[in-house]
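Presented below is the structure to which this report refers.
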Amino acid sequence: MNRALLRRLIGDSFGLLALLTGATLATELAFMAVLREFSQQDHVVWMRVEFVQRMLRALLGAELTPDTSATGLMALGFTHPLIYAFSWSYLLTAATRIPAAEIERGTADLLLTLPVARTTVYASATVHLLAACLVFAAAALGGVWLAEHIVPLWEPLEFGRLTIVAVNLLAVHVCVSITALMVSTWCVRRGAAVAIMLAWVFASLLLELLGQLSTTAATFGALGILHYHRPLITIRSGDWPLGHLVVLFLAAIAGWTIGAARFKRRDIPAAG
Amino acid sequence: MNIVETHELAKSFAAQPVLHGIDLRVAPGTLYGFLGPNGAGKTTTLRILLGLLDRSGGTARVLGCDPWRQGARARTNIGYLPGDVRWYPRLTGRATLDFLAGVRQRDCRRTIHRLARRLELDLNLPVRTYSRGMKQKLGIIQALMHEPALLILDEPATSLDPLMQDVLHDELRQAVAIGRTVLFSSHTLSEVQQLCDHVGILRAGRLIEQTTIDALRNRALRRVEITFAAGAAGMASAPRGWHGEKRGDHWVGSFSGPMSELLAWLAKQPVLDLVVTPPDLEDLFRAYYATPDAGASA
């Protein structure tokens, strides 16, 4: 890892990171404030709507029942599309910088002719991404913690269980960002790398939704990343989702290794 | 040991060969001009030497290292200016150079300060506000700031005004005077003629000539204009080595061979006026570029 390079990677996107972290915190706060406004009875009525129930099942991994605890309801705070949108917009932007965006704008000629091995550049980009993943997972949990103090629900939240969910979310972020880093090593344009990643995460979301409607689609669910983030089941059981964590981290390690090998061996073309 | 040495260096893109067995040799302390028309393969060769591209065949050594496998080690002592240098637009010139020096883990502030003054570049402005020439100056500073043993410059004088070109040439001469090596690509013949002691000429992916400028100059033709006394020219037969036109009493052409032979011949003629222009490399380079076997016959 090269410290100067890491400082630059962080420094270049610090403003965006701060903005999206703030947005994540605010979303958790707002979500809890909204939950607080509804009575438990209101939730029950909501849950009787079949379509809503299916959508929630796709996001949470289990059915919301009338006896779902306040902590269980907060599972939505870790799978809300806005939470994914904030974190992934940053992570995909950051992960596709090296090498795709650097090649596209021509700065790769400067960066990769410095006395730094490509593996060091790749490792620096990885450290940056891992730190950002940690920030977003911590922001989701921190937002809930902040909300607990500002707009507490009708019962105290179980932060031990929510921490497990946040770790699962961290694993999802790591898997998405490392996959994006790998995809970036095959591209010469950032737009192409981002498009491939967006196609994958949208397909993943679609698979989860279709899986609620069709058993055929459900059989392909394991191909999507959201299949490995089931916060409501985790909160109910209180157990670590070890199988999901292993799959996510192994996928990240495999993607990282493929990306590193590709980046080390690839030609760096001049910017067009 | 040569600072840069390639043997049968080849490169193909999508099975399309662009370099065909280049044997490049750059000795320490030389100012080597790498010449060729656009698309000849100059930049591709330089990118292989920097480890940006992998070769398809042959070998390459830069400062004793394989640029692909030991590139980071070699690049510690290389300063590189890309042909079309691009920057991080939000950074100031100073922040850019600090970042690059930081990655190199070198304190280059003194050299940066000196070069910025010489090139008259304000480093406190954001790079996005720089003109093309200013960006080129920043590129020159970043290539020179760590005082590397080898400078690889891809058409460095592009976008520089004549005064700044003089400053750049002076810096390069100073670098060579203290034992550094400069390899720069150009298609500006006058620049190479003025600056270099060695030259390699690349055409269509082949190194068709590699020699000293002096050796090349000796091979070049002198332009000669002779004005004879009225009516005398018709009686004279052209000396050996003469190629040109006879327009009555006025002969215009070129002469290859020892000048003593020409002078001995002229001494026997009723000559009114004589103009001999120094050897012009431009004609020779044009000949190299024009036909595939020109290099062999030149």
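In the structure tokens, each chain is lettered A, B, ... as it comes, each chain's residues begin at 1, and ligands are numbered from 1 in order of appearance.
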Within 9 Å of chain B: residues of chain A, using only C-alpha atoms, as a list in words: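 Written out as asked, the residues are Asn2, Arg3, Ala4, Leu5, Arg7, Arg8, Asp12, Arg105, Gly106, Thr107, Ala108, Asp109, Leu110, Leu111, Leu112, Thr113, Leu114, Pro115, Val116, Ala117, Arg118, Arg265, Arg266, Asp267, Ile268, Pro269, Ala270 and Ala271 of chain A.
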Dump as a compact mmCIF listing (two decimals), in the first residue's frame, selection limited to N, CA and C atoms:
```txt
# COMPACT_ATOMS: atom_id res chain seq x y z
N ASN A 2 0.48 2.24 -0.77
CA ASN A 2 1.22 3.50 -0.83
C ASN A 2 0.39 4.59 -0.15
N ARG A 3 0.98 5.17 0.90
CA ARG A 3 0.20 6.13 1.72
C ARG A 3 -0.22 7.37 0.95
N ALA A 4 0.70 7.91 0.15
CA ALA A 4 0.38 9.13 -0.60
C ALA A 4 -0.78 8.87 -1.57
N LEU A 5 -0.75 7.71 -2.18
CA LEU A 5 -1.82 7.35 -3.12
C LEU A 5 -3.14 7.16 -2.38
N ARG A 7 -3.99 8.55 0.44
CA ARG A 7 -4.46 9.89 0.86
C ARG A 7 -5.18 10.58 -0.30
N ARG A 8 -4.62 10.44 -1.50
CA ARG A 8 -5.23 11.09 -2.66
C ARG A 8 -6.58 10.47 -3.00
N ASP A 12 -9.76 12.84 -2.75
CA ASP A 12 -10.50 13.19 -3.97
C ASP A 12 -12.00 12.98 -3.81
N ARG A 105 -9.36 8.95 -18.51
CA ARG A 105 -8.98 10.37 -18.53
C ARG A 105 -7.49 10.59 -18.78
N GLY A 106 -6.75 9.50 -18.93
CA GLY A 106 -5.34 9.61 -19.31
C GLY A 106 -4.37 9.76 -18.16
N THR A 107 -4.86 9.84 -16.92
CA THR A 107 -3.96 10.02 -15.79
C THR A 107 -3.25 8.72 -15.40
N ALA A 108 -3.69 7.60 -15.98
CA ALA A 108 -3.00 6.32 -15.71
C ALA A 108 -1.55 6.39 -16.17
N ASP A 109 -1.30 7.19 -17.22
CA ASP A 109 0.06 7.32 -17.71
C ASP A 109 0.98 7.94 -16.66
N LEU A 110 0.43 8.80 -15.84
CA LEU A 110 1.22 9.40 -14.76
C LEU A 110 1.33 8.44 -13.58
N LEU A 111 0.17 7.94 -13.19
CA LEU A 111 0.09 7.12 -11.98
C LEU A 111 0.89 5.83 -12.11
N LEU A 112 0.76 5.18 -13.26
CA LEU A 112 1.37 3.86 -13.40
C LEU A 112 2.80 3.91 -13.95
N THR A 113 3.34 5.13 -14.09
CA THR A 113 4.76 5.22 -14.43
C THR A 113 5.54 5.76 -13.23
N LEU A 114 4.88 5.79 -12.09
CA LEU A 114 5.58 6.13 -10.84
C LEU A 114 6.22 4.84 -10.32
N PRO A 115 7.19 4.95 -9.43
CA PRO A 115 7.88 3.73 -8.98
C PRO A 115 7.06 2.94 -7.96
N VAL A 116 5.88 2.57 -8.38
CA VAL A 116 4.98 1.80 -7.51
C VAL A 116 4.48 0.61 -8.34
N ALA A 117 4.55 -0.57 -7.75
CA ALA A 117 4.08 -1.76 -8.47
C ALA A 117 2.56 -1.68 -8.62
N ARG A 118 2.05 -2.29 -9.66
CA ARG A 118 0.59 -2.27 -9.87
C ARG A 118 -0.14 -2.94 -8.71
N ARG A 265 -1.35 -7.88 -15.29
CA ARG A 265 -0.95 -8.36 -16.62
C ARG A 265 -1.46 -7.49 -17.78
N ARG A 266 -2.41 -6.63 -17.53
CA ARG A 266 -3.04 -5.95 -18.66
C ARG A 266 -2.18 -4.80 -19.22
N ASP A 267 -2.35 -4.55 -20.51
CA ASP A 267 -1.74 -3.37 -21.12
C ASP A 267 -2.53 -2.14 -20.72
N ILE A 268 -1.82 -1.05 -20.56
CA ILE A 268 -2.50 0.22 -20.26
C ILE A 268 -2.47 1.05 -21.54
N PRO A 269 -3.60 1.15 -22.22
CA PRO A 269 -3.60 1.93 -23.48
C PRO A 269 -3.59 3.43 -23.20
N ALA A 270 -3.12 4.17 -24.17
CA ALA A 270 -3.16 5.64 -24.05
C ALA A 270 -4.62 6.07 -24.12
N ALA A 271 -4.92 7.19 -23.45
CA ALA A 271 -6.30 7.69 -23.46
C ALA A 271 -6.70 8.06 -24.88
```
From the options B:Val4, B:Ala10, B:Val192, B:Val62, which residue's atoms come nearest to Leu207 (chain B), counting only C-alpha atoms?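 Nearest to Leu207 (chain B): B:Ala10.
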From a DSSP calculation on the backbone, collect every residue of region 44-281 of chain B in strand (DSSP E or B) and output the set as a ChimeraX atom specification. /B:57-62,65,78-81,92,126,150-154,181-186,198-203,206-212,222-228,242-247,250-255,271-277
Same residues, C-alpha atoms, saved as a PDB file, in the first residue's frame:
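The result, stored in result-v3.pdb:
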```pdb
ATOM      1  CA  GLY B  57       8.334 -10.660 -28.390  1.00  0.00           C
ATOM      2  CA  GLY B  58      11.998  -9.902 -27.827  1.00  0.00           C
ATOM      3  CA  THR B  59      13.599  -8.441 -24.723  1.00  0.00           C
ATOM      4  CA  ALA B  60      13.867  -5.009 -23.127  1.00  0.00           C
ATOM      5  CA  ARG B  61      16.130  -3.740 -20.349  1.00  0.00           C
ATOM      6  CA  VAL B  62      15.868  -0.291 -18.807  1.00  0.00           C
ATOM      7  CA  CYS B  65      15.698  -4.055 -15.219  1.00  0.00           C
ATOM      8  CA  ILE B  78      12.970   7.386 -14.598  1.00  0.00           C
ATOM      9  CA  GLY B  79      11.226  10.653 -15.289  1.00  0.00           C
ATOM     10  CA  TYR B  80       8.481  10.374 -17.890  1.00  0.00           C
ATOM     11  CA  LEU B  81       6.520  12.965 -19.783  1.00  0.00           C
ATOM     12  CA  THR B  92      -3.412  22.835  -8.033  1.00  0.00           C
ATOM     13  CA  PRO B 126      -5.842  24.723 -10.168  1.00  0.00           C
ATOM     14  CA  LEU B 150      16.853   8.460 -17.305  1.00  0.00           C
ATOM     15  CA  LEU B 151      14.385  10.901 -18.794  1.00  0.00           C
ATOM     16  CA  ILE B 152      11.849   9.541 -21.257  1.00  0.00           C
ATOM     17  CA  LEU B 153      10.007  12.370 -22.952  1.00  0.00           C
ATOM     18  CA  ASP B 154       7.333  11.882 -25.577  1.00  0.00           C
ATOM     19  CA  THR B 181      20.450  10.095 -20.106  1.00  0.00           C
ATOM     20  CA  VAL B 182      17.637  11.535 -22.168  1.00  0.00           C
ATOM     21  CA  LEU B 183      15.517   9.581 -24.594  1.00  0.00           C
ATOM     22  CA  PHE B 184      12.942  11.681 -26.323  1.00  0.00           C
ATOM     23  CA  SER B 185      10.649  11.115 -29.210  1.00  0.00           C
ATOM     24  CA  SER B 186       9.943  13.755 -31.757  1.00  0.00           C
ATOM     25  CA  HIS B 198      22.363  10.167 -31.043  1.00  0.00           C
ATOM     26  CA  VAL B 199      19.349   9.387 -33.121  1.00  0.00           C
ATOM     27  CA  GLY B 200      17.158   6.396 -33.908  1.00  0.00           C
ATOM     28  CA  ILE B 201      14.754   6.548 -36.811  1.00  0.00           C
ATOM     29  CA  LEU B 202      11.629   4.478 -36.683  1.00  0.00           C
ATOM     30  CA  ARG B 203       9.387   3.837 -39.645  1.00  0.00           C
ATOM     31  CA  ARG B 206      11.036  -0.839 -37.718  1.00  0.00           C
ATOM     32  CA  LEU B 207      14.172   0.895 -36.482  1.00  0.00           C
ATOM     33  CA  ILE B 208      15.717   1.773 -39.820  1.00  0.00           C
ATOM     34  CA  GLU B 209      18.640   3.793 -38.522  1.00  0.00           C
ATOM     35  CA  GLN B 210      20.490   4.211 -35.260  1.00  0.00           C
ATOM     36  CA  THR B 211      23.602   6.316 -35.236  1.00  0.00           C
ATOM     37  CA  THR B 212      25.194   9.548 -34.060  1.00  0.00           C
ATOM     38  CA  ARG B 222      25.257  19.509 -49.178  1.00  0.00           C
ATOM     39  CA  ARG B 223      23.170  21.847 -51.271  1.00  0.00           C
ATOM     40  CA  VAL B 224      25.364  23.581 -53.823  1.00  0.00           C
ATOM     41  CA  GLU B 225      24.642  26.460 -56.188  1.00  0.00           C
ATOM     42  CA  ILE B 226      27.258  27.380 -58.797  1.00  0.00           C
ATOM     43  CA  THR B 227      27.150  30.365 -61.130  1.00  0.00           C
ATOM     44  CA  PHE B 228      29.554  30.146 -64.058  1.00  0.00           C
ATOM     45  CA  TRP B 242      26.891  15.862 -58.257  1.00  0.00           C
ATOM     46  CA  HIS B 243      23.097  15.539 -58.460  1.00  0.00           C
ATOM     47  CA  GLY B 244      21.113  18.456 -59.709  1.00  0.00           C
ATOM     48  CA  GLU B 245      19.854  20.679 -62.455  1.00  0.00           C
ATOM     49  CA  LYS B 246      21.779  22.769 -64.924  1.00  0.00           C
ATOM     50  CA  ARG B 247      19.893  25.977 -65.727  1.00  0.00           C
ATOM     51  CA  HIS B 250      23.421  28.415 -63.013  1.00  0.00           C
ATOM     52  CA  TRP B 251      23.681  24.949 -61.483  1.00  0.00           C
ATOM     53  CA  VAL B 252      21.564  24.013 -58.498  1.00  0.00           C
ATOM     54  CA  GLY B 253      21.882  20.641 -56.833  1.00  0.00           C
ATOM     55  CA  SER B 254      23.521  18.608 -54.139  1.00  0.00           C
ATOM     56  CA  PHE B 255      26.924  17.091 -53.663  1.00  0.00           C
ATOM     57  CA  VAL B 271      33.113  30.233 -61.438  1.00  0.00           C
ATOM     58  CA  LEU B 272      31.493  33.591 -60.652  1.00  0.00           C
ATOM     59  CA  ASP B 273      29.699  32.604 -57.486  1.00  0.00           C
ATOM     60  CA  LEU B 274      29.388  29.600 -55.210  1.00  0.00           C
ATOM     61  CA  VAL B 275      26.909  28.852 -52.401  1.00  0.00           C
ATOM     62  CA  VAL B 276      27.354  25.700 -50.285  1.00  0.00           C
ATOM     63  CA  THR B 277      24.659  25.104 -47.686  1.00  0.00           C
TER      64      THR B 277
END
```
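Between CA of Leu129 (chain A) and CA of Gly61 (chain A) the interatomic distance comes to 26.7 Å.
Here CA of Thr24 (chain A) stands at a distance of 6.2 Å from CA of Ala140 (chain A).
The environment of Thr71 (chain A) within 8 Å, counting only C-alpha atoms and disregarding residues fewer than 5 places along the same chain, consists of Pro156, Leu157, Glu158, Leu162 and Ile235 of chain A.
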Those same residues - C-alpha atoms - I'd like them written as a short mmCIF file (atom, residue, chain, number, x, y, z; two decimals), in the first residue's frame.
```cif
data_model
loop_
_atom_site.label_atom_id
_atom_site.label_comp_id
_atom_site.auth_asym_id
_atom_site.auth_seq_id
_atom_site.Cartn_x
_atom_site.Cartn_y
_atom_site.Cartn_z
CA PRO A 156 -35.66 -0.60 23.24
CA LEU A 157 -33.75 -1.94 20.24
CA GLU A 158 -31.44 -4.95 20.58
CA LEU A 162 -28.49 -5.13 14.78
CA ILE A 235 -32.67 -10.42 14.03
#
```
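The coordinates place CA of Thr27 (chain A) at 7.5 Å from CA of Ile83 (chain A).
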Quick check for you: according to DSSP on this backbone, which residues of region 126-265 of chain B are classed as helix (DSSP H, G or I)? Reply as a PyMOL selection string. chain B and resi 127-129+132-144+162-177+189-195+213-219+233-235+259-265
Tell me which protein, DNA and RNA residues are within 8 Å of Phe136 (chain A), counting only C-alpha atoms, leaving out same-chain ones fewer than 2 positions away, and put them as a PDB file with N, CA and C atoms, in the first residue's frame.
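Saved as out-v9.pdb:
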```pdb
ATOM      1  N   THR A  21     -22.608   9.634   3.618  1.00  0.00           N
ATOM      2  CA  THR A  21     -22.668   9.101   4.980  1.00  0.00           C
ATOM      3  C   THR A  21     -23.727   9.866   5.770  1.00  0.00           C
ATOM      4  N   THR A  24     -27.078   8.731   4.747  1.00  0.00           N
ATOM      5  CA  THR A  24     -27.406   7.424   5.334  1.00  0.00           C
ATOM      6  C   THR A  24     -27.892   7.605   6.782  1.00  0.00           C
ATOM      7  N   SER A  87     -24.837   4.108  -0.496  1.00  0.00           N
ATOM      8  CA  SER A  87     -23.538   3.452  -0.329  1.00  0.00           C
ATOM      9  C   SER A  87     -22.986   2.975  -1.670  1.00  0.00           C
ATOM     10  N   ALA A 132     -14.253   2.591   3.084  1.00  0.00           N
ATOM     11  CA  ALA A 132     -15.551   3.189   2.724  1.00  0.00           C
ATOM     12  C   ALA A 132     -16.695   2.234   3.065  1.00  0.00           C
ATOM     13  N   CYS A 133     -16.489   0.931   2.841  1.00  0.00           N
ATOM     14  CA  CYS A 133     -17.522  -0.067   3.184  1.00  0.00           C
ATOM     15  C   CYS A 133     -17.808  -0.008   4.678  1.00  0.00           C
ATOM     16  N   LEU A 134     -16.728   0.091   5.440  1.00  0.00           N
ATOM     17  CA  LEU A 134     -16.859   0.148   6.903  1.00  0.00           C
ATOM     18  C   LEU A 134     -17.629   1.397   7.315  1.00  0.00           C
ATOM     19  N   ALA A 138     -21.154   1.238   9.178  1.00  0.00           N
ATOM     20  CA  ALA A 138     -21.194   1.886  10.494  1.00  0.00           C
ATOM     21  C   ALA A 138     -22.216   3.019  10.502  1.00  0.00           C
ATOM     22  N   ALA A 139     -22.366   3.716   9.370  1.00  0.00           N
ATOM     23  CA  ALA A 139     -23.331   4.819   9.293  1.00  0.00           C
ATOM     24  C   ALA A 139     -24.757   4.291   9.433  1.00  0.00           C
ATOM     25  N   ALA A 140     -25.019   3.122   8.845  1.00  0.00           N
ATOM     26  CA  ALA A 140     -26.366   2.547   8.962  1.00  0.00           C
ATOM     27  C   ALA A 140     -26.663   2.210  10.422  1.00  0.00           C
ATOM     28  N   LEU A 170     -21.993  -4.970   5.814  1.00  0.00           N
ATOM     29  CA  LEU A 170     -20.590  -4.689   5.482  1.00  0.00           C
ATOM     30  C   LEU A 170     -20.081  -5.710   4.459  1.00  0.00           C
TER      31      LEU A 170
END
```
For region 132-134 of chain B: contacts at 12 Å, only C-alpha atoms, fewer than 6 positions along chain excluded, given as a list of chain:residue names: B:Asp84, B:Val85, B:Arg86, B:Trp87, B:Thr92, B:Gly93, B:Ala116, B:Leu119, B:Glu120, B:Leu121, B:Asp122, B:Leu123, B:Leu125, B:Pro126, B:Ile140, B:Ile141, B:Pro156, B:Ala157, B:Thr158, B:Ser159, B:Leu160, B:Asp161, B:Pro162, B:Leu163, B:Met164, B:Gln165
Using the selection just defined, write its residues with C-alpha atoms as a compact mmCIF listing (two decimals), in the first residue's frame.
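So the final result, stored in out.txt, reads:
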```txt
# COMPACT_ATOMS: atom_id res chain seq x y z
CA ASP B 84 -0.58 13.93 -24.25
CA VAL B 85 -0.20 14.63 -20.56
CA ARG B 86 -3.45 14.67 -18.53
CA TRP B 87 -3.94 15.89 -14.98
CA THR B 92 -3.41 22.83 -8.03
CA GLY B 93 -0.10 22.46 -9.78
CA ALA B 116 8.75 26.48 -11.75
CA LEU B 119 9.49 27.77 -16.72
CA GLU B 120 7.50 30.69 -15.25
CA LEU B 121 4.67 28.51 -14.01
CA ASP B 122 2.32 29.51 -11.20
CA LEU B 123 1.85 26.33 -9.17
CA LEU B 125 -3.55 27.71 -9.63
CA PRO B 126 -5.84 24.72 -10.17
CA ILE B 140 8.19 18.77 -17.60
CA ILE B 141 8.57 19.69 -13.94
CA PRO B 156 8.24 17.31 -24.95
CA ALA B 157 8.35 20.56 -26.89
CA THR B 158 4.68 20.28 -27.91
CA SER B 159 2.71 23.40 -26.91
CA LEU B 160 5.80 25.25 -25.67
CA ASP B 161 6.66 28.65 -27.07
CA PRO B 162 10.19 29.04 -28.54
CA LEU B 163 11.55 30.66 -25.36
CA MET B 164 10.31 27.82 -23.20
CA GLN B 165 11.63 25.31 -25.71
```
